[in-house]
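Only one structure is covered here, and it is reproduced in the block below.
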Amino acid sequence: MLSTPALVLAIILFGLGLIGLLSRRNILYMLLSLEIMLNAAALAFIAGGARWGQVDGEIMFLFILTLAAAEVSVALGIVLQLSHRFRTLDADAFCEMRG
Amino acid sequence: MEMLFYIAAAVTVLATLRVITHVHAVHALLYLVVTLIALSLIFYLLGAQFAAALEIIIYGGAIMVLFIFVVMLLGPLAVEQERTWFSLSAWVGPSILALVLLGEVGYLIASGDHPTMAVAEPRQKAISIALYGPYIIGVELASMLLLPGLIGAYHLGRRLSSEARSC
């Protein structure tokens, strides 16, 4: 069965995405890391569906795909706005809220 | 089959490592496309042919095109000071990883070790029935998510163009 190594791969990919999200300060790379993490979650669902021979895993993959499409379109609009206003993509430069 | 999975998994992890460590946005996107194609092969090996096709069409096609358009619109901002590490040979890495995947697909086709239409068709039917049966509320929620996404993206993009005109 391939589902156990697939789950391990999903964990590795999620960890890599999380490391990228935390370590990169360029907002575009943070978005890419988010995409990697979403893909890792989708892989975990597919592996679970393959393990039990059910179609639910693939249906959850469809929903994750929809979520990713909506998220990316809005997030890239925000990236364009930020780059237009601040002339940079550095996440540390967006500090108007003094967080 | 097992060996193919492990090779594709190695390609995925390598390409992902390059995505999060690369300094040039376009090359990171190239590696991300390789990651998505390798993941699609893994989905196929796990028996999810429909998900594999969607991964390439929507993720590798539509979403990556969005990213590439934005990187092109951003222009020099996406490169920042990281331009100093930029080298023209950066496309070699994604090409090698993609060639490995191509070899795997060629082996799959040549060995005939893939599910036929007779196996794949009832599964697609089961997915469709489940999607519009017990999961119909999820489909409705997805449509309710996509419409605000569309309006939000339109709103954010529209204000950008009007401000650009004013100044």
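Simple scheme: letters A, B, ... for chains in structure tokens order, numbers from 1 for residues in each chain, numbers from 1 for ligands in the order shown.
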
For this session: Pick out the residues sitting within 12 Å of Ala42 (chain A), and hand them over as a VMD selection string; count only C-alpha atoms, and ignore anything fewer than 6 positions along from it in its own chain.
Result: (chain A and resid 6 to 7 9 to 11 13 to 14 35 to 36 48 to 49 56 to 68) or (chain B and resid 36 39 to 40 42 to 43 48 51 to 52 54 to 55 59)

Residues of chain B within 8 Å of chain A, counting only C-alpha atoms, as a PDB file with C-alpha atoms, in the first residue's frame:
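See out_5.pdb below for the written result:
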ATOM      1  CA  GLU B   2       6.445   1.577  -5.448  1.00  0.00           C
ATOM      2  CA  PHE B   5       6.102   6.613  -6.204  1.00  0.00           C
ATOM      3  CA  ALA B   9       8.116  11.835  -4.013  1.00  0.00           C
ATOM      4  CA  VAL B  13      10.462  17.285  -2.062  1.00  0.00           C
ATOM      5  CA  THR B  16       9.576  22.188  -2.982  1.00  0.00           C
ATOM      6  CA  LEU B  17      12.909  22.805  -1.274  1.00  0.00           C
ATOM      7  CA  VAL B  19      10.661  26.791  -4.194  1.00  0.00           C
ATOM      8  CA  ILE B  20      11.108  27.964  -0.620  1.00  0.00           C
ATOM      9  CA  THR B  21      14.831  28.697  -0.987  1.00  0.00           C
ATOM     10  CA  ALA B  25      10.228  34.594  -8.267  1.00  0.00           C
ATOM     11  CA  LEU B  32       6.378  24.964  -8.089  1.00  0.00           C
ATOM     12  CA  LEU B  39       2.067  15.529  -7.115  1.00  0.00           C
ATOM     13  CA  PHE B  43      -2.287  11.134  -7.262  1.00  0.00           C
ATOM     14  CA  LEU B  46      -2.691   6.369  -5.671  1.00  0.00           C
ATOM     15  CA  GLY B  47      -5.576   5.598  -8.051  1.00  0.00           C
ATOM     16  CA  ALA B  48      -7.127   9.086  -8.210  1.00  0.00           C
ATOM     17  CA  PHE B  50      -9.613  12.523 -11.850  1.00  0.00           C
ATOM     18  CA  ALA B  51      -7.705  14.394  -9.147  1.00  0.00           C
ATOM     19  CA  ILE B  58      -6.381  23.878 -12.573  1.00  0.00           C
ATOM     20  CA  TYR B  59      -3.300  24.069 -10.348  1.00  0.00           C
ATOM     21  CA  ILE B  63      -3.437  29.124 -10.769  1.00  0.00           C
ATOM     22  CA  LEU B  66      -2.323  33.834 -12.322  1.00  0.00           C
ATOM     23  CA  PHE B  67       0.930  33.830 -10.358  1.00  0.00           C
ATOM     24  CA  VAL B  70       1.207  38.944 -11.200  1.00  0.00           C
ATOM     25  CA  LEU B  74       5.124  43.466 -10.414  1.00  0.00           C
ATOM     26  CA  LEU B  77       9.683  44.474  -7.293  1.00  0.00           C
ATOM     27  CA  ALA B  78       9.545  40.686  -7.308  1.00  0.00           C
ATOM     28  CA  ARG B 123     -15.007   5.473 -10.164  1.00  0.00           C
ATOM     29  CA  ALA B 126     -19.201   7.224  -8.101  1.00  0.00           C
ATOM     30  CA  ILE B 127     -17.448  10.582  -7.587  1.00  0.00           C
ATOM     31  CA  ALA B 130     -21.408  11.428  -4.306  1.00  0.00           C
ATOM     32  CA  LEU B 131     -20.659  15.048  -5.280  1.00  0.00           C
ATOM     33  CA  GLY B 138     -20.457  21.458  -0.190  1.00  0.00           C
ATOM     34  CA  VAL B 139     -20.990  22.323  -3.851  1.00  0.00           C
ATOM     35  CA  ALA B 142     -18.101  26.313  -2.952  1.00  0.00           C
ATOM     36  CA  LEU B 145     -17.079  31.033  -1.823  1.00  0.00           C
ATOM     37  CA  LEU B 146     -16.235  31.594  -5.479  1.00  0.00           C
ATOM     38  CA  GLY B 149     -13.720  35.660  -4.449  1.00  0.00           C
ATOM     39  CA  LEU B 150     -14.605  36.966  -7.881  1.00  0.00           C
ATOM     40  CA  GLY B 152     -13.139  40.715  -4.161  1.00  0.00           C
ATOM     41  CA  ALA B 153     -10.559  40.208  -6.887  1.00  0.00           C
ATOM     42  CA  LEU B 156      -9.013  45.041  -5.515  1.00  0.00           C
ATOM     43  CA  GLY B 157      -7.924  45.189  -9.144  1.00  0.00           C
ATOM     44  CA  LEU B 160      -5.565  49.812  -8.336  1.00  0.00           C
TER      45      LEU B 160
END

For this session: Take CA of Gly112 (chain B) and CA of Tyr6 (chain B) and report the distance between them in Å, one decimal.
Result: 19.2 Å

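The shortest atom-to-atom distance to Leu101 (chain B), with only C-alpha atoms taken into account, belongs to B:Thr35 out of B:Ser128, B:Thr35, B:Ser143, B:Gln49.
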
Exercise. Which residues in chain A does DSSP call helix (DSSP H, G or I)? List them as a PyMOL selection string.
Worked result: chain A and resi 3-23+27-52+56-86+91-93

Exercise. So what do you get for CA of Leu97 (chain B) versus CA of Arg18 (chain B), distance-wise?
Worked result: 11.4 Å
